[in-house]
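Coordinates from data26.json are shown below (JSON, C-alpha atoms).
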[["chain", "number", "residue", "atom", "x", "y", "z"],
["A", 224, "MET", "CA", -1.53, 69.24, -78.52],
["A", 225, "SER", "CA", -4.72, 67.79, -79.96],
["A", 226, "ALA", "CA", -6.70, 65.17, -78.06],
["A", 227, "ALA", "CA", -5.87, 62.57, -80.71],
["A", 228, "VAL", "CA", -2.14, 63.21, -80.43],
["A", 229, "THR", "CA", -2.32, 63.16, -76.62],
["A", 230, "GLN", "CA", -4.12, 59.84, -76.80],
["A", 231, "ASP", "CA", -1.45, 58.52, -79.18],
["A", 232, "VAL", "CA", 1.35, 59.55, -76.84],
["A", 233, "GLN", "CA", -0.40, 58.01, -73.85],
["A", 234, "THR", "CA", -1.12, 54.78, -75.70],
["A", 235, "SER", "CA", 2.42, 54.61, -76.98],
["A", 236, "PHE", "CA", 3.95, 55.15, -73.51],
["A", 237, "SER", "CA", 1.57, 52.70, -71.94],
["A", 238, "PHE", "CA", 2.29, 50.17, -74.68],
["A", 239, "THR", "CA", 6.05, 50.51, -74.18],
["A", 240, "THR", "CA", 5.98, 49.91, -70.45],
["A", 241, "LYS", "CA", 3.47, 47.07, -70.72],
["A", 242, "ALA", "CA", 5.39, 45.44, -73.56],
["A", 243, "LYS", "CA", 8.47, 45.42, -71.37],
["A", 244, "ASN", "CA", 6.36, 44.08, -68.53],
["A", 245, "ILE", "CA", 7.58, 46.51, -65.90],
["A", 246, "PRO", "CA", 5.34, 47.11, -62.88],
["A", 247, "GLY", "CA", 4.95, 50.86, -62.29],
["A", 248, "ASN", "CA", 7.03, 53.18, -64.42],
["A", 249, "LEU", "CA", 10.72, 53.49, -65.19],
["A", 250, "ALA", "CA", 11.14, 56.58, -62.98],
["A", 251, "ILE", "CA", 10.16, 54.71, -59.83],
["A", 252, "TRP", "CA", 12.54, 51.89, -60.74],
["A", 253, "ALA", "CA", 15.38, 54.37, -61.14],
["A", 254, "ALA", "CA", 14.54, 55.61, -57.64],
["A", 255, "ILE", "CA", 14.22, 52.11, -56.17],
["A", 256, "LEU", "CA", 17.49, 50.86, -57.67],
["A", 257, "SER", "CA", 19.26, 54.02, -56.48],
["A", 258, "GLU", "CA", 17.93, 53.55, -52.96],
["A", 259, "MET", "CA", 18.84, 49.86, -52.95],
["A", 260, "SER", "CA", 22.35, 50.85, -54.02],
["A", 261, "GLU", "CA", 22.50, 53.42, -51.23],
["A", 262, "PHE", "CA", 21.55, 50.77, -48.68],
["A", 263, "ALA", "CA", 24.05, 48.36, -50.27],
["A", 264, "VAL", "CA", 26.81, 50.90, -49.60],
["A", 265, "MET", "CA", 25.71, 51.05, -45.96],
["A", 266, "PHE", "CA", 25.80, 47.25, -45.76],
["A", 267, "MET", "CA", 29.34, 47.28, -47.18],
["A", 268, "VAL", "CA", 30.32, 49.76, -44.47],
["A", 269, "TYR", "CA", 28.76, 47.38, -41.93],
["A", 270, "PHE", "CA", 30.74, 44.39, -43.29],
["A", 271, "LEU", "CA", 34.03, 46.29, -43.34],
["A", 272, "ALA", "CA", 33.51, 47.74, -39.87],
["A", 273, "LYS", "CA", 32.63, 44.25, -38.63],
["A", 274, "VAL", "CA", 35.76, 42.50, -39.89],
["A", 275, "HIS", "CA", 37.91, 45.25, -38.39],
["A", 276, "ASN", "CA", 36.07, 45.26, -35.05],
["A", 277, "PRO", "CA", 34.88, 41.68, -34.47],
["A", 278, "GLU", "CA", 34.53, 42.00, -30.67],
["A", 279, "LEU", "CA", 32.38, 45.13, -30.87],
["A", 280, "PHE", "CA", 30.11, 43.55, -33.50],
["A", 281, "TYR", "CA", 29.88, 40.36, -31.44],
["A", 282, "GLU", "CA", 28.79, 42.23, -28.33],
["A", 283, "GLY", "CA", 26.81, 45.01, -29.98],
["A", 284, "PRO", "CA", 23.57, 43.17, -30.84],
["A", 285, "THR", "CA", 23.29, 41.77, -27.29],
["A", 286, "HIS", "CA", 22.72, 45.29, -25.93],
["A", 287, "LEU", "CA", 20.07, 46.25, -28.49],
["A", 288, "ASN", "CA", 16.35, 45.83, -27.87],
["A", 289, "THR", "CA", 15.58, 42.69, -29.88],
["A", 290, "THR", "CA", 11.88, 42.95, -29.03],
["A", 291, "ALA", "CA", 11.69, 46.40, -30.64],
["A", 292, "GLY", "CA", 13.59, 45.17, -33.70],
["A", 293, "THR", "CA", 11.36, 42.12, -34.05],
["A", 294, "ALA", "CA", 8.18, 44.14, -33.55],
["A", 295, "ASN", "CA", 9.25, 46.60, -36.22],
["A", 296, "THR", "CA", 10.06, 43.76, -38.63],
["A", 297, "LEU", "CA", 6.60, 42.25, -38.10],
["A", 298, "ILE", "CA", 5.07, 45.71, -38.58],
["A", 299, "MET", "CA", 6.98, 46.42, -41.80],
["A", 300, "LEU", "CA", 6.06, 43.03, -43.28],
["A", 301, "THR", "CA", 2.43, 43.54, -42.31],
["A", 302, "SER", "CA", 2.39, 47.00, -43.86],
["A", 303, "SER", "CA", 3.73, 45.54, -47.11],
["A", 304, "PHE", "CA", 1.02, 42.89, -46.98],
["A", 305, "PHE", "CA", -1.62, 45.64, -46.51],
["A", 306, "VAL", "CA", -0.24, 47.50, -49.53],
["A", 307, "VAL", "CA", -0.44, 44.36, -51.68],
["A", 308, "ARG", "CA", -4.06, 43.88, -50.62],
["A", 309, "ALA", "CA", -4.79, 47.54, -51.42],
["A", 310, "VAL", "CA", -3.44, 47.13, -54.96],
["A", 311, "MET", "CA", -5.49, 43.96, -55.43],
["A", 312, "ALA", "CA", -8.61, 45.76, -54.19],
["A", 313, "VAL", "CA", -8.13, 48.67, -56.62],
["A", 314, "ARG", "CA", -7.69, 46.24, -59.51],
["A", 315, "HIS", "CA", -11.07, 44.75, -58.62],
["A", 316, "ASP", "CA", -12.66, 48.18, -58.31],
["A", 317, "GLN", "CA", -13.00, 47.85, -54.54],
["A", 318, "LEU", "CA", -11.76, 51.36, -53.87],
["A", 319, "LYS", "CA", -13.23, 51.69, -50.38],
["A", 320, "GLN", "CA", -11.50, 48.49, -49.27],
["A", 321, "ALA", "CA", -8.27, 49.67, -50.88],
["A", 322, "VAL", "CA", -8.39, 52.85, -48.79],
["A", 323, "HIS", "CA", -8.91, 50.76, -45.64],
["A", 324, "TRP", "CA", -5.89, 48.59, -46.46],
["A", 325, "LEU", "CA", -3.79, 51.69, -47.14],
["A", 326, "TRP", "CA", -4.79, 53.31, -43.84],
["A", 327, "GLY", "CA", -3.68, 50.05, -42.21],
["A", 328, "ALA", "CA", -0.30, 50.43, -43.90],
["A", 329, "VAL", "CA", -0.04, 54.08, -42.76],
["A", 330, "ALA", "CA", -0.88, 52.99, -39.20],
["A", 331, "CYS", "CA", 1.92, 50.41, -39.43],
["A", 332, "GLY", "CA", 4.32, 53.10, -40.67],
["A", 333, "LEU", "CA", 3.44, 55.40, -37.76],
["A", 334, "LEU", "CA", 3.68, 52.52, -35.28],
["A", 335, "TYR", "CA", 7.11, 51.66, -36.67],
["A", 336, "LEU", "CA", 8.27, 55.26, -36.20],
["A", 337, "THR", "CA", 6.88, 55.34, -32.65],
["A", 338, "ILE", "CA", 8.60, 52.09, -31.67],
["A", 339, "LYS", "CA", 11.85, 53.26, -33.22],
["A", 340, "TYR", "CA", 11.61, 56.55, -31.30],
["A", 341, "PHE", "CA", 11.16, 54.68, -27.99],
["A", 342, "GLU", "CA", 13.93, 52.25, -28.95],
["A", 343, "TYR", "CA", 16.30, 55.19, -29.39],
["A", 344, "GLN", "CA", 15.15, 56.53, -26.00],
["A", 345, "TRP", "CA", 15.75, 53.09, -24.47],
["A", 346, "ASN", "CA", 19.22, 52.93, -26.04],
["A", 347, "SER", "CA", 19.98, 56.35, -24.67],
["A", 348, "ALA", "CA", 18.96, 55.25, -21.16],
["A", 349, "GLN", "CA", 21.42, 52.33, -21.52],
["A", 350, "GLY", "CA", 24.14, 54.81, -22.44],
["A", 351, "LEU", "CA", 24.21, 53.75, -26.10],
["A", 352, "ASP", "CA", 24.66, 56.44, -28.72],
["A", 353, "THR", "CA", 26.57, 57.13, -31.93],
["A", 354, "GLU", "CA", 29.77, 57.77, -29.96],
["A", 355, "THR", "CA", 29.67, 54.56, -27.88],
["A", 356, "ASN", "CA", 31.58, 52.54, -30.46],
["A", 357, "ILE", "CA", 31.59, 51.85, -34.19],
["A", 358, "PHE", "CA", 28.86, 49.20, -33.97],
["A", 359, "TYR", "CA", 26.40, 51.73, -32.57],
["A", 360, "GLY", "CA", 27.67, 54.35, -35.02],
["A", 361, "VAL", "CA", 26.75, 52.02, -37.90],
["A", 362, "TYR", "CA", 23.49, 51.04, -36.15],
["A", 363, "TYR", "CA", 22.36, 54.67, -35.84],
["A", 364, "TYR", "CA", 23.51, 55.63, -39.32],
["A", 365, "VAL", "CA", 21.64, 52.76, -40.98],
["A", 366, "THR", "CA", 18.50, 52.70, -38.83],
["A", 367, "PHE", "CA", 18.00, 56.47, -38.80],
["A", 368, "ASN", "CA", 18.34, 56.52, -42.58],
["A", 369, "HIS", "CA", 15.68, 53.82, -42.76],
["A", 370, "PHE", "CA", 13.56, 55.73, -40.20],
["A", 371, "LEU", "CA", 13.48, 58.70, -42.61],
["A", 372, "HIS", "CA", 12.40, 56.44, -45.47],
["A", 373, "VAL", "CA", 9.49, 55.08, -43.42],
["A", 374, "GLY", "CA", 8.52, 58.67, -42.55],
["A", 375, "TRP", "CA", 8.29, 59.97, -46.10],
["A", 376, "GLY", "CA", 6.97, 56.62, -47.33],
["A", 377, "SER", "CA", 4.05, 56.95, -44.90],
["A", 378, "ALA", "CA", 3.40, 60.45, -46.22],
["A", 379, "GLY", "CA", 3.42, 59.00, -49.74],
["A", 380, "LEU", "CA", 0.82, 56.42, -48.74],
["A", 381, "ILE", "CA", -1.42, 59.20, -47.40],
["A", 382, "TRP", "CA", -1.04, 61.01, -50.73],
["A", 383, "VAL", "CA", -2.10, 57.84, -52.57],
["A", 384, "ILE", "CA", -5.18, 57.53, -50.31],
["A", 385, "TYR", "CA", -6.09, 61.11, -51.20],
["A", 386, "ARG", "CA", -5.75, 60.31, -54.91],
["A", 387, "ILE", "CA", -8.06, 57.31, -54.59],
["A", 388, "LYS", "CA", -10.63, 59.20, -52.55],
["A", 389, "THR", "CA", -10.72, 62.05, -55.05],
["A", 390, "GLY", "CA", -11.29, 59.62, -57.93],
["A", 391, "ILE", "CA", -7.94, 60.19, -59.62],
["A", 392, "TYR", "CA", -6.96, 56.54, -59.27],
["A", 393, "THR", "CA", -9.43, 54.04, -60.66],
["A", 394, "LYS", "CA", -9.58, 50.35, -61.50],
["A", 395, "THR", "CA", -7.99, 51.04, -64.88],
["A", 396, "GLU", "CA", -5.70, 54.00, -64.09],
["A", 397, "HIS", "CA", -3.64, 53.71, -60.90],
["A", 398, "GLU", "CA", 0.00, 53.76, -61.92],
["A", 399, "GLY", "CA", 0.85, 56.16, -59.08],
["A", 400, "LEU", "CA", -0.50, 53.65, -56.57],
["A", 401, "ILE", "CA", 1.65, 50.89, -58.10],
["A", 402, "ASN", "CA", 4.71, 53.16, -57.92],
["A", 403, "MET", "CA", 4.07, 53.95, -54.27],
["A", 404, "ALA", "CA", 3.46, 50.27, -53.49],
["A", 405, "LEU", "CA", 6.79, 49.32, -55.11],
["A", 406, "TYR", "CA", 8.60, 52.04, -53.19],
["A", 407, "TRP", "CA", 7.06, 50.88, -49.92],
["A", 408, "HIS", "CA", 8.13, 47.29, -50.61],
["A", 409, "MET", "CA", 11.67, 48.57, -51.22],
["A", 410, "ILE", "CA", 11.62, 50.17, -47.75],
["A", 411, "ASP", "CA", 10.47, 46.81, -46.38],
["A", 412, "LEU", "CA", 13.28, 45.00, -48.24],
["A", 413, "ALA", "CA", 15.84, 47.34, -46.72],
["A", 414, "TRP", "CA", 14.52, 46.63, -43.22],
["A", 415, "ILE", "CA", 14.46, 42.83, -43.58],
["A", 416, "THR", "CA", 18.17, 43.11, -44.43],
["A", 417, "ILE", "CA", 18.96, 45.52, -41.59],
["A", 418, "PHE", "CA", 17.20, 43.40, -38.96],
["A", 419, "PRO", "CA", 19.44, 40.29, -39.12],
["A", 420, "LEU", "CA", 22.61, 42.34, -39.66],
["A", 421, "LEU", "CA", 22.18, 44.53, -36.58],
["A", 422, "TYR", "CA", 19.96, 42.56, -34.20],
["A", 423, "VAL", "CA", 20.56, 38.87, -34.89],
["A", 424, "ILE", "CA", 23.93, 37.99, -36.45],
["A", 425, "ARG", "CA", 26.95, 38.10, -34.15],
["B", 742, "MET", "CA", -4.98, 33.20, -61.00],
["B", 743, "ASN", "CA", -8.39, 34.34, -59.77],
["B", 744, "GLN", "CA", -8.79, 36.89, -56.99],
["B", 745, "LYS", "CA", -9.63, 34.35, -54.29],
["B", 746, "ALA", "CA", -6.63, 32.16, -55.04],
["B", 747, "HIS", "CA", -4.36, 35.22, -55.24],
["B", 748, "ILE", "CA", -5.57, 36.50, -51.86],
["B", 749, "LYS", "CA", -4.98, 33.06, -50.36],
["B", 750, "LEU", "CA", -1.43, 32.98, -51.75],
["B", 751, "ILE", "CA", -0.61, 36.47, -50.46],
["B", 752, "ASP", "CA", -2.11, 35.69, -47.02],
["B", 753, "THR", "CA", -0.05, 32.50, -46.81],
["B", 754, "LEU", "CA", 3.15, 34.25, -47.84],
["B", 755, "TRP", "CA", 2.56, 36.96, -45.22],
["B", 756, "LEU", "CA", 2.22, 34.24, -42.56],
["B", 757, "VAL", "CA", 5.45, 32.62, -43.81],
["B", 758, "LEU", "CA", 7.24, 35.99, -43.50],
["B", 759, "ILE", "CA", 5.88, 36.46, -39.97],
["B", 760, "GLY", "CA", 6.96, 32.92, -39.03],
["B", 761, "LEU", "CA", 10.47, 33.46, -40.40],
["B", 762, "THR", "CA", 10.78, 36.72, -38.46],
["B", 763, "LEU", "CA", 9.73, 35.07, -35.19],
["B", 764, "PHE", "CA", 12.23, 32.31, -35.91],
["B", 765, "SER", "CA", 14.95, 34.96, -36.42],
["B", 766, "ALA", "CA", 14.01, 36.57, -33.10],
["B", 767, "TYR", "CA", 14.28, 33.19, -31.41],
["B", 768, "MET", "CA", 17.72, 32.71, -32.98],
["B", 769, "ALA", "CA", 18.81, 36.14, -31.76],
["B", 770, "GLU", "CA", 17.81, 35.36, -28.19],
["B", 771, "ARG", "CA", 18.51, 31.65, -27.82],
["B", 772, "ALA", "CA", 20.77, 30.25, -30.52],
["B", 773, "GLU", "CA", 24.45, 29.77, -29.84],
["B", 774, "PRO", "CA", 26.37, 32.30, -31.98],
["B", 775, "GLY", "CA", 28.37, 30.57, -34.69],
["B", 776, "PHE", "CA", 28.61, 29.84, -38.37],
["B", 777, "ILE", "CA", 25.51, 27.62, -38.48],
["B", 778, "SER", "CA", 23.24, 30.34, -37.08],
["B", 779, "VAL", "CA", 24.80, 32.90, -39.45],
["B", 780, "ALA", "CA", 24.18, 30.59, -42.43],
["B", 781, "ILE", "CA", 20.58, 30.01, -41.33],
["B", 782, "MET", "CA", 19.98, 33.76, -41.02],
["B", 783, "ALA", "CA", 21.48, 34.32, -44.47],
["B", 784, "ALA", "CA", 19.13, 31.67, -45.91],
["B", 785, "VAL", "CA", 16.14, 33.25, -44.12],
["B", 786, "LEU", "CA", 17.07, 36.63, -45.65],
["B", 787, "THR", "CA", 17.16, 35.11, -49.14],
["B", 788, "ILE", "CA", 13.75, 33.48, -48.67],
["B", 789, "LYS", "CA", 12.15, 36.65, -47.30],
["B", 790, "GLY", "CA", 13.68, 38.76, -50.07],
["B", 791, "ARG", "CA", 12.49, 36.37, -52.78],
["B", 792, "ILE", "CA", 8.93, 36.34, -51.41],
["B", 793, "ILE", "CA", 8.72, 40.14, -51.39],
["B", 794, "VAL", "CA", 10.44, 40.61, -54.75],
["B", 795, "ASP", "CA", 8.55, 37.86, -56.57],
["B", 796, "HIS", "CA", 5.08, 38.16, -55.06],
["B", 797, "PHE", "CA", 4.64, 41.49, -53.29],
["B", 798, "MET", "CA", 6.46, 43.50, -55.98],
["B", 799, "GLU", "CA", 5.08, 41.11, -58.63],
["B", 800, "LEU", "CA", 8.43, 40.71, -60.37],
["B", 801, "LYS", "CA", 8.11, 36.95, -60.78],
["B", 802, "SER", "CA", 6.74, 37.38, -64.28],
["B", 803, "ALA", "CA", 8.12, 40.86, -64.94],
["B", 804, "HIS", "CA", 10.94, 42.16, -67.12],
["B", 805, "LYS", "CA", 13.91, 39.80, -66.83],
["B", 806, "LEU", "CA", 16.60, 42.40, -66.12],
["B", 807, "LEU", "CA", 14.58, 44.03, -63.36],
["B", 808, "ARG", "CA", 13.65, 40.69, -61.83],
["B", 809, "THR", "CA", 17.26, 39.50, -61.95],
["B", 810, "LEU", "CA", 18.67, 42.70, -60.42],
["B", 811, "MET", "CA", 16.25, 42.54, -57.51],
["B", 812, "ARG", "CA", 16.69, 38.81, -56.95],
["B", 813, "VAL", "CA", 20.49, 38.98, -57.15],
["B", 814, "TYR", "CA", 20.50, 41.52, -54.29],
["B", 815, "PHE", "CA", 19.10, 38.83, -52.00],
["B", 816, "TYR", "CA", 21.75, 36.34, -53.04],
["B", 817, "VAL", "CA", 24.69, 38.74, -52.92],
["B", 818, "ILE", "CA", 24.03, 40.20, -49.44],
["B", 819, "PRO", "CA", 23.47, 36.76, -47.80],
["B", 820, "THR", "CA", 26.60, 35.46, -49.57],
["B", 821, "LEU", "CA", 28.58, 38.39, -48.18],
["B", 822, "ILE", "CA", 27.18, 37.63, -44.71],
["B", 823, "ILE", "CA", 28.57, 34.09, -45.02],
["B", 824, "ILE", "CA", 31.91, 35.17, -46.50],
["B", 825, "VAL", "CA", 32.40, 37.74, -43.71],
["B", 826, "ALA", "CA", 31.60, 35.05, -41.12],
["B", 827, "LEU", "CA", 34.06, 32.58, -42.70],
["B", 828, "PHE", "CA", 37.00, 34.84, -43.54],
["B", 829, "PRO", "CA", 36.90, 37.93, -41.30],
["B", 830, "GLU", "CA", 40.67, 38.14, -40.77],
["B", 831, "GLN", "CA", 41.57, 37.79, -44.43],
["B", 832, "ILE", "CA", 39.04, 40.48, -45.43],
["B", 833, "ALA", "CA", 40.35, 42.73, -42.66],
["B", 834, "ARG", "CA", 43.89, 42.26, -44.02],
["B", 835, "TRP", "CA", 42.83, 43.01, -47.60],
["B", 836, "THR", "CA", 41.01, 46.16, -46.54],
["B", 837, "THR", "CA", 43.68, 47.59, -44.26],
["B", 838, "LEU", "CA", 45.52, 50.63, -45.59],
["B", 839, "SER", "CA", 49.14, 50.57, -44.57]]

As structure tokens, please, write out the structure in this file.
Amino acid sequence: MSAAVTQDVQTSFSFTTKAKNIPGNLAIWAAILSEMSEFAVMFMVYFLAKVHNPELFYEGPTHLNTTAGTANTLIMLTSSFFVVRAVMAVRHDQLKQAVHWLWGAVACGLLYLTIKYFEYQWNSAQGLDTETNIFYGVYYYVTFNHFLHVGWGSAGLIWVIYRIKTGIYTKTEHEGLINMALYWHMIDLAWITIFPLLYVIR
Amino acid sequence: MNQKAHIKLIDTLWLVLIGLTLFSAYMAERAEPGFISVAIMAAVLTIKGRIIVDHFMELKSAHKLLRTLMRVYFYVIPTLIIIVALFPEQIARWTTLS
């Protein structure tokens, strides 16, 4: 394909997405909407299990570690904030600052995973596991699924840092960074829904 | 919006999210369980979701379908939270196979 044709294709694709005013690209939105649907199914399972087992879902949250849940919510929100600041920095050609913000987000992701690991250990010491009752079955199913998302999301952030440091992402060309930022915010959205359902509402 | 004003907005929204989370933690530990606390938590979820969708994901001025889909999520789930709190027995009856 000649350079002119390649340029045409790129311009055309770029024009299409910009004209439709979609942050990132359509592929990441297909992924995000699929993941949101997946979490929605889990929330439906939660609601149905709750109406059929009101006593277990009334008692369940009282035995969970609210401090760990709250800390992880604060960490996820802060990581999302760091990612927003990273995107803003890249747009203003402040690539070094963007990398710092992204490392902050990665640190939050790792801290989240560490706290969740110790929370599971703490649960185990209290005798709480997937077999205890249906509330804890749902709790482990939903939170471990989210745990995995934070894990690979953190890896994705490290990949984005690498792309900035190697000059692949610039002030004008950083669609991959936007995609990763959107995906990370989706992980955050899932957690802000999980937190009240499992730790707060009785 | 210039960079300085945008940073200020994002910083403020982050603080709002942190404040709402601490409020939720307080509710979890201290508030008397009941419909009022459930309704408050549902409202908090909607506010947090809207902040992230509109400002962090920058969908406030984005494609209408995408913006609507993402916003609706944070109205539907909180509404279901309230419906489940109000009518648990009826929903249990409707969803029992027998």

So that I can see what lies close to Leu827 of chain B, please list as a count of residues only the residues with an atom at most 10 Å from it, counting only C-alpha atoms and leaving out residues fewer than 6 positions away in the same chain. 3

Can you list, as a PyMOL selection string, every protein, DNA or RNA residue that comes within 12 Å of Lys801 of chain B when you count only C-alpha atoms, leaving out same-chain residues fewer than 3 positions away? (chain A and resi 244-246) or (chain B and resi 791-798+804-809+811-812)

Output as a ChimeraX atom specification the set of chain B residues within 8 Å of chain A, with distances taken over all atoms listed in the file. /B:744,748,751-752,755,758-759,762-763,765-766,768-770,774-775,778-779,782,786,789-790,793,797-800,802-804,807,822,825,829-830,832-833,836

Nearest to Val329 of chain A: which of A:Glu398, A:Ser302, A:Gln344, A:Tyr363 is it, counting only C-alpha atoms?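 The closest residue to Val329 of chain A is A:Ser302.
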
Near-Tyr335 of chain A list (8 Å; all atoms listed in the file; drop same-chain fewer than 2 positions) as a short mmCIF file (atom, residue, chain, number, x, y, z; two decimals) with C-alpha atoms, keeping the file's coordinate frame:
data_model
loop_
_atom_site.label_atom_id
_atom_site.label_comp_id
_atom_site.auth_asym_id
_atom_site.auth_seq_id
_atom_site.Cartn_x
_atom_site.Cartn_y
_atom_site.Cartn_z
CA ASN A 295 9.25 46.60 -36.22
CA ILE A 298 5.07 45.71 -38.58
CA MET A 299 6.98 46.42 -41.80
CA CYS A 331 1.92 50.41 -39.43
CA GLY A 332 4.32 53.10 -40.67
CA LEU A 333 3.44 55.40 -37.76
CA THR A 337 6.88 55.34 -32.65
CA ILE A 338 8.60 52.09 -31.67
CA LYS A 339 11.85 53.26 -33.22
CA VAL A 373 9.49 55.08 -43.42
#

Enter the distance from atom CA of Asn346 of chain A to atom CA of Glu278 of chain A, in Å, rounded to one decimal. 19.4 Å

Any idea what the distance is between atom CA of Glu282 of chain A and atom CA of Leu838 of chain B?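 Atom-to-atom, atom CA of Glu282 of chain A to atom CA of Leu838 of chain B, that is 25.5 Å.
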
Which residues, written as a PyMOL selection string, have at least one atom at most 9 Å from Pro819 of chain B, with only C-alpha atoms counted and residues fewer than 5 positions away on the same chain left out? (chain A and resi 416) or (chain B and resi 780+782-787+814+824)
